[in-house]
Every structure is written in C-alpha cells, then in structure tokens.
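S.K.: Handing over structure_14.pdb, PDB, C-alpha atoms.
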```pdb
MODEL        1
ATOM      1  CA  LYS A   1      31.452  14.751   2.910
ATOM      2  CA  LYS A   2      28.445  15.476   5.136
ATOM      3  CA  THR A   3      27.182  18.152   2.721
ATOM      4  CA  ALA A   4      27.519  15.707  -0.191
ATOM      5  CA  GLU A   5      25.507  13.098   1.734
ATOM      6  CA  ILE A   6      22.751  15.639   2.388
ATOM      7  CA  MET A   7      22.751  16.636  -1.274
ATOM      8  CA  ILE A   8      22.409  12.982  -2.331
ATOM      9  CA  GLN A   9      19.514  12.452   0.091
ATOM     10  CA  GLU A  10      17.747  15.557  -1.195
ATOM     11  CA  VAL A  11      18.256  14.562  -4.833
ATOM     12  CA  GLU A  12      16.789  11.121  -4.021
ATOM     13  CA  ARG A  13      13.839  12.786  -2.269
ATOM     14  CA  LEU A  14      13.209  15.101  -5.222
ATOM     15  CA  ASN A  15      13.433  12.133  -7.582
ATOM     16  CA  ARG A  16      10.757  10.323  -5.543
ATOM     17  CA  VAL A  17       8.509  13.393  -5.587
ATOM     18  CA  ILE A  18       8.858  13.842  -9.354
ATOM     19  CA  SER A  19       8.329  10.119  -9.977
ATOM     20  CA  GLN A  20       5.168  10.149  -7.874
ATOM     21  CA  LEU A  21       3.897  13.255  -9.636
ATOM     22  CA  LEU A  22       4.466  11.673 -13.055
ATOM     23  CA  GLU A  23       2.888   8.417 -11.898
ATOM     24  CA  PHE A  24      -0.181  10.244 -10.678
ATOM     25  CA  ALA A  25      -0.516  12.414 -13.792
ATOM     26  CA  ARG A  26      -0.222   9.748 -16.484
ATOM     27  CA  PRO A  27      -3.131   7.505 -17.462
ATOM     28  CA  MET A  28      -3.148   4.220 -15.582
ATOM     29  CA  LYS A  29      -2.402   1.094 -17.634
ATOM     30  CA  ILE A  30      -3.320  -2.159 -15.927
ATOM     31  CA  ARG A  31      -2.045  -5.473 -17.275
ATOM     32  CA  LYS A  32      -3.884  -8.174 -15.352
ATOM     33  CA  ARG A  33      -2.742 -11.759 -15.413
ATOM     34  CA  SER A  34      -3.001 -14.821 -13.238
ATOM     35  CA  THR A  35      -0.547 -14.165 -10.409
ATOM     36  CA  PRO A  36       0.512 -16.026  -7.255
ATOM     37  CA  LEU A  37      -0.642 -13.584  -4.571
ATOM     38  CA  ASP A  38       1.603 -15.093  -1.888
ATOM     39  CA  ASP A  39       4.670 -14.343  -4.031
ATOM     40  CA  ILE A  40       3.654 -10.695  -4.512
ATOM     41  CA  ILE A  41       3.042 -10.144  -0.801
ATOM     42  CA  GLN A  42       6.130 -12.017   0.391
ATOM     43  CA  GLY A  43       8.326 -10.294  -2.207
ATOM     44  CA  SER A  44       7.060  -6.840  -1.281
ATOM     45  CA  LEU A  45       7.498  -7.543   2.441
ATOM     46  CA  LYS A  46      11.099  -8.611   1.780
ATOM     47  CA  MET A  47      11.727  -5.184   0.277
ATOM     48  CA  VAL A  48      10.795  -3.369   3.520
ATOM     49  CA  GLU A  49      12.042  -5.999   5.966
ATOM     50  CA  GLY A  50      15.329  -4.159   6.608
ATOM     51  CA  ASP A  51      13.611  -0.832   7.355
ATOM     52  CA  ALA A  52      11.107  -2.548   9.643
ATOM     53  CA  CYS A  53      13.786  -4.511  11.492
ATOM     54  CA  ALA A  54      15.932  -1.394  11.972
ATOM     55  CA  LYS A  55      12.978   0.307  13.710
ATOM     56  CA  GLY A  56      12.118  -2.732  15.847
ATOM     57  CA  ILE A  57       8.942  -3.457  13.890
ATOM     58  CA  GLU A  58       7.714  -7.027  13.721
ATOM     59  CA  VAL A  59       6.268  -8.137  10.376
ATOM     60  CA  ARG A  60       3.519 -10.778  10.239
ATOM     61  CA  TRP A  61       1.776 -12.167   7.195
ATOM     62  CA  LYS A  62      -1.144 -14.560   6.904
ATOM     63  CA  GLY A  63      -2.240 -15.910   3.543
ATOM     64  CA  HIS A  64      -5.467 -17.643   2.601
ATOM     65  CA  PRO A  65      -5.416 -21.204   1.202
ATOM     66  CA  ASN A  66      -8.107 -20.438  -1.408
ATOM     67  CA  THR A  67      -6.391 -17.340  -2.771
ATOM     68  CA  LYS A  68      -3.245 -18.708  -4.363
ATOM     69  CA  GLU A  69      -3.597 -17.393  -7.924
ATOM     70  CA  VAL A  70      -5.479 -14.145  -8.509
ATOM     71  CA  PHE A  71      -6.115 -12.034 -11.602
ATOM     72  CA  ILE A  72      -4.224  -8.746 -11.006
ATOM     73  CA  ASP A  73      -1.457  -6.553 -12.383
ATOM     74  CA  PRO A  74       1.380  -7.827 -10.166
ATOM     75  CA  ASP A  75       3.646  -4.800 -10.628
ATOM     76  CA  ARG A  76       0.894  -2.325  -9.753
ATOM     77  CA  ILE A  77      -0.278  -4.307  -6.719
ATOM     78  CA  LYS A  78       3.318  -4.575  -5.498
ATOM     79  CA  GLN A  79       3.565  -0.781  -5.840
ATOM     80  CA  VAL A  80       0.353  -0.386  -3.796
ATOM     81  CA  LEU A  81       1.636  -2.697  -1.078
ATOM     82  CA  LEU A  82       5.015  -0.956  -0.865
ATOM     83  CA  ASN A  83       3.303   2.436  -0.479
ATOM     84  CA  LEU A  84       1.131   1.041   2.304
ATOM     85  CA  TYR A  85       4.039  -0.684   4.092
ATOM     86  CA  LEU A  86       6.199   2.446   3.989
ATOM     87  CA  ASN A  87       3.340   4.547   5.367
ATOM     88  CA  ALA A  88       2.798   1.986   8.123
ATOM     89  CA  ILE A  89       6.486   1.869   9.041
ATOM     90  CA  GLU A  90       6.636   5.647   9.191
ATOM     91  CA  ALA A  91       3.486   5.764  11.360
ATOM     92  CA  MET A  92       5.190   3.503  13.909
ATOM     93  CA  GLU A  93       7.807   5.793  15.338
ATOM     94  CA  GLY A  94       9.323   3.033  17.436
ATOM     95  CA  GLU A  95       8.556  -0.621  17.877
ATOM     96  CA  GLY A  96       5.322  -1.991  16.525
ATOM     97  CA  LEU A  97       3.618  -4.569  14.352
ATOM     98  CA  LEU A  98       3.029  -4.488  10.606
ATOM     99  CA  SER A  99       0.637  -7.231   9.567
ATOM    100  CA  VAL A 100      -0.703  -8.312   6.203
ATOM    101  CA  GLU A 101      -3.632 -10.684   5.870
ATOM    102  CA  VAL A 102      -5.478 -12.064   2.859
ATOM    103  CA  VAL A 103      -9.180 -12.751   3.324
ATOM    104  CA  ARG A 104     -11.440 -14.532   0.820
ATOM    105  CA  GLU A 105     -14.970 -13.129   0.818
ATOM    106  CA  GLU A 106     -18.011 -15.406   1.048
ATOM    107  CA  ASP A 107     -18.999 -14.794  -2.577
ATOM    108  CA  LYS A 108     -15.664 -16.411  -3.570
ATOM    109  CA  LYS A 109     -15.331 -13.762  -6.309
ATOM    110  CA  HIS A 110     -13.616 -11.131  -4.169
ATOM    111  CA  PHE A 111     -10.686 -11.104  -1.809
ATOM    112  CA  GLN A 112      -9.191  -8.549   0.540
ATOM    113  CA  ILE A 113      -5.635  -7.637   1.387
ATOM    114  CA  ARG A 114      -5.565  -6.047   4.838
ATOM    115  CA  VAL A 115      -2.461  -4.055   5.810
ATOM    116  CA  SER A 116      -2.443  -3.083   9.492
ATOM    117  CA  ASP A 117      -0.065  -1.218  11.748
ATOM    118  CA  THR A 118       0.138  -0.319  15.420
ATOM    119  CA  GLY A 119       1.201   3.240  14.657
ATOM    120  CA  LYS A 120      -0.242   6.542  15.744
ATOM    121  CA  GLY A 121      -3.421   6.177  13.707
ATOM    122  CA  ILE A 122      -5.232   8.824  11.703
ATOM    123  CA  LYS A 123      -7.357  11.627  13.099
ATOM    124  CA  LYS A 124     -11.054  11.304  12.299
ATOM    125  CA  GLU A 125     -11.132  14.658  10.492
ATOM    126  CA  ASP A 126      -8.269  13.561   8.193
ATOM    127  CA  LEU A 127      -9.876  10.271   7.055
ATOM    128  CA  PRO A 128     -12.056  11.796   4.282
ATOM    129  CA  HIS A 129      -8.995  13.460   2.707
ATOM    130  CA  LEU A 130      -6.562  10.524   2.678
ATOM    131  CA  PHE A 131      -6.863   9.879  -1.062
ATOM    132  CA  ASP A 132      -6.887  13.548  -2.083
ATOM    133  CA  PRO A 133      -3.809  14.398  -4.152
ATOM    134  CA  TYR A 134      -1.256  16.439  -2.179
ATOM    135  CA  PHE A 135      -3.001  15.898   1.176
ATOM    136  CA  THR A 136      -0.421  14.952   3.782
ATOM    137  CA  THR A 137       0.034  15.231   7.522
ATOM    138  CA  ARG A 138       3.800  14.639   7.322
ATOM    139  CA  SER A 139       6.369  17.356   6.808
ATOM    140  CA  SER A 140       8.299  15.201   4.319
ATOM    141  CA  GLY A 141       5.303  13.697   2.517
ATOM    142  CA  THR A 142       4.112  14.569  -0.987
ATOM    143  CA  GLY A 143       0.496  13.560  -0.486
ATOM    144  CA  LEU A 144       0.602  11.403  -3.610
ATOM    145  CA  GLY A 145       1.264   7.910  -2.209
ATOM    146  CA  LEU A 146      -2.308   7.114  -1.165
ATOM    147  CA  ALA A 147      -3.758   8.931  -4.188
ATOM    148  CA  ILE A 148      -1.708   6.565  -6.383
ATOM    149  CA  VAL A 149      -2.855   3.567  -4.301
ATOM    150  CA  HIS A 150      -6.464   4.663  -4.829
ATOM    151  CA  ASN A 151      -5.983   5.079  -8.604
ATOM    152  CA  ILE A 152      -4.376   1.657  -8.995
ATOM    153  CA  ILE A 153      -7.045  -0.156  -6.994
ATOM    154  CA  GLU A 154      -9.866   1.675  -8.812
ATOM    155  CA  SER A 155      -8.225   0.802 -12.167
ATOM    156  CA  HIS A 156      -8.464  -2.828 -11.039
ATOM    157  CA  GLY A 157     -12.201  -2.320 -10.398
ATOM    158  CA  GLY A 158     -11.556  -2.578  -6.666
ATOM    159  CA  GLU A 159     -12.103  -0.490  -3.558
ATOM    160  CA  VAL A 160      -9.892   0.909  -0.810
ATOM    161  CA  ARG A 161     -11.164   1.423   2.719
ATOM    162  CA  VAL A 162      -9.318   2.740   5.765
ATOM    163  CA  GLU A 163     -10.140   1.950   9.384
ATOM    164  CA  SER A 164      -8.168   3.874  11.965
ATOM    165  CA  ARG A 165      -8.252   4.819  15.610
ATOM    166  CA  TYR A 166      -6.073   7.732  16.533
ATOM    167  CA  GLY A 167      -3.384   6.580  18.945
ATOM    168  CA  GLU A 168      -3.976   2.874  18.198
ATOM    169  CA  GLY A 169      -3.222   2.132  14.558
ATOM    170  CA  THR A 170      -4.605   1.815  11.066
ATOM    171  CA  THR A 171      -5.860  -0.891   8.721
ATOM    172  CA  VAL A 172      -6.052  -0.343   4.978
ATOM    173  CA  ILE A 173      -8.375  -2.801   3.242
ATOM    174  CA  LEU A 174      -7.922  -3.456  -0.466
ATOM    175  CA  ARG A 175     -10.961  -5.214  -1.930
ATOM    176  CA  LEU A 176     -10.356  -6.768  -5.339
ATOM    177  CA  SER A 177     -12.227  -9.029  -7.717
ATOM    178  CA  ASP A 178     -10.673 -12.342  -8.657
ATOM    179  CA  GLU A 179     -12.581 -12.714 -11.918
ATOM    180  CA  LYS A 180     -11.206 -12.288 -15.404
ATOM    181  CA  GLU A 181     -12.909  -9.541 -17.330
ATOM    182  CA  VAL A 182     -14.834 -10.752 -20.339
TER     183      VAL A 182
ENDMDL
END
```
Please rewrite the model in this file as structure tokens.
M.R.:
Amino acid sequence: KKTAEIMIQEVERLNRVISQLLEFARPMKIRKRSTPLDDIIQGSLKMVEGDACAKGIEVRWKGHPNTKEVFIDPDRIKQVLLNLYLNAIEAMEGEGLLSVEVVREEDKKHFQIRVSDTGKGIKKEDLPHLFDPYFTTRSSGTGLGLAIVHNIIESHGGEVRVESRYGEGTTVILRLSDEKEV
C-alpha cells in the first residue's frame, strides 16, 4: 500500500512537470474580458486555504474599492496567483503570513496585485534568475512556475517585480493595465 501511495505521488509530480513544460512551450493565448478581480483573488485563495491552514499559515487579503472590474484573462491570472501562493506557502516552512493586496496606481490606468510571504526570502544572487526557465533552488522544483508567471503577465502587457530580503520574506508585484486594447 505504501509503495502504491509513493507511485501515485510520483505520477502526480511527473504530470505536473509535463504540464508545466507544455504550458511553457506553447504560444500564450490571452482572452481578456471584464472580470471581477475580487472574485479571482478570493477564489484562488480558497484553493490554497487548506494547505496554508495545515502549515499554520495565516492568509490575509485586502482589495481596493476602485478596482472591482478589470480587463484581464481570468483563467491565466488565477494560474499566476496559484503559482505565487504555492511558492509562498512552500517558502514558509512553518507558521507565517501570506498576504495579497490590490493597489490602484495614481494614473488610474494601472493596478498592482502584491503577493507577500514571511518565508525564508530569496538570496540576492538568485533574484536575477527567478524567471529563467528551469532555474530553481528547490530539490523538487521544475523551475518553470515563475517563468510561466512571467510569460502570462508579459502577454497581458504587464510587468512582474520581486522584492525580497533573505531570511525575512518576499513580495511579488504584478503590475497590469486596466485598459481595453483598441
């Protein structure tokens, strides 16, 4: 029974690796539409709530009143958020805080989604390589999660920035436009 459980876990892991590889290799198709941002964030947080709770991680989320409906591909942004949440949860080896905040920029044309954790942070020398395909600091990682995040955000015409202090935590900032393309 134990061997069968290990086999199932390994098959699931291989499936994730192959899925990520295919996702990274195929051309990105973005289907933007007016989307309630709160629903996307709350729905994606619900998906990781059990994992976070099991590790003693508190989840906080703060929306912005002027960013209710945004023009994004909801499925792709949910995928980005899930990748970031799972990385954050893994970075917090014990208790910690995962927080998500939406910020409207002064120009009123852009908004940010900030995903922060109180995990181990990222070494300064690793920061420039975070979005390189196959770069990973984890023994079980594929190095494709953040590369996919980067591709999705760039396909939206946005930017990804990472702020991290080793030993203190990390914040990933997704900067997106809220304007419909003409």
S.K.: Choose the residue, out of A:Ser177, A:Thr136, A:Gln9, A:Thr118, that has the smallest atom-to-atom separation from A:Ile72; count only C-alpha atoms.
M.R.: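 Once distances to A:Ile72 are computed over only C-alpha atoms, the minimum belongs to A:Ser177.
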S.K.: Enter the distance from atom CA of A:Lys32 to atom CA of A:Asn66, in Å, rounded to one decimal.
M.R.: 19.0 Å
S.K.: Kindly indicate which residue among A:Gly94, A:Gly43, A:Gly158, A:Gly56 lies nearest to A:Pro74, using only C-alpha atoms for the distances.
M.R.: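 Nearest candidate to A:Pro74 out of A:Gly94, A:Gly43, A:Gly158, A:Gly56: A:Gly43.
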S.K.: List as a list in words the protein and nucleic acid residues near A:Val115, meaning an atom at most 6 Å away when only C-alpha atoms are counted, but skip any in the same chain fewer than 5 places from it.
M.R.: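 Result of the neighbour search: Ser99, Val100, Thr171 and Val172 of chain A.
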S.K.: Between A:Val103, A:Ile40, A:Ile122, A:Met28, which residue has the minimum interatomic distance to A:Ile77, considering all atoms listed in the file?
M.R.: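 Residue with the minimum atom-to-atom distance to A:Ile77: A:Ile40.
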S.K.: Return the single residue from A:Arg165, A:Glu12, A:Thr170, A:Lys2 that is closest to A:Tyr85, with distances computed using all atoms listed in the file.
M.R.: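 Ranked by minimum distance to A:Tyr85, first place goes to A:Thr170.
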S.K.: Rank A:Asp75, A:Glu101, A:Glu58, A:Glu69 by their smallest atom-to-atom distance to A:Arg114, using all atoms listed in the file, and report the top residue only.
M.R.: A:Glu101
S.K.: Which polymer residues have any atom within 12 Å of an atom of A:Ser164, counting only C-alpha atoms, with same-chain residues fewer than 4 positions away left out, as an mmCIF file with C-alpha atoms, in the frame of the given file?
M.R.:
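The new file around-v6.cif reads:
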```cif
data_model
loop_
_atom_site.group_PDB
_atom_site.id
_atom_site.type_symbol
_atom_site.label_atom_id
_atom_site.label_comp_id
_atom_site.auth_asym_id
_atom_site.auth_seq_id
_atom_site.Cartn_x
_atom_site.Cartn_y
_atom_site.Cartn_z
ATOM 1 C CA ALA A 88 2.798 1.986 8.123
ATOM 2 C CA ALA A 91 3.486 5.764 11.360
ATOM 3 C CA VAL A 115 -2.461 -4.055 5.810
ATOM 4 C CA SER A 116 -2.443 -3.083 9.492
ATOM 5 C CA ASP A 117 -0.065 -1.218 11.748
ATOM 6 C CA THR A 118 0.138 -0.319 15.420
ATOM 7 C CA GLY A 119 1.201 3.240 14.657
ATOM 8 C CA LYS A 120 -0.242 6.542 15.744
ATOM 9 C CA GLY A 121 -3.421 6.177 13.707
ATOM 10 C CA ILE A 122 -5.232 8.824 11.703
ATOM 11 C CA LYS A 123 -7.357 11.627 13.099
ATOM 12 C CA LYS A 124 -11.054 11.304 12.299
ATOM 13 C CA GLU A 125 -11.132 14.658 10.492
ATOM 14 C CA ASP A 126 -8.269 13.561 8.193
ATOM 15 C CA LEU A 127 -9.876 10.271 7.055
ATOM 16 C CA PRO A 128 -12.056 11.796 4.282
ATOM 17 C CA LEU A 130 -6.562 10.524 2.678
ATOM 18 C CA GLU A 168 -3.976 2.874 18.198
ATOM 19 C CA GLY A 169 -3.222 2.132 14.558
ATOM 20 C CA THR A 170 -4.605 1.815 11.066
ATOM 21 C CA THR A 171 -5.860 -0.891 8.721
ATOM 22 C CA VAL A 172 -6.052 -0.343 4.978
ATOM 23 C CA ILE A 173 -8.375 -2.801 3.242
#
```
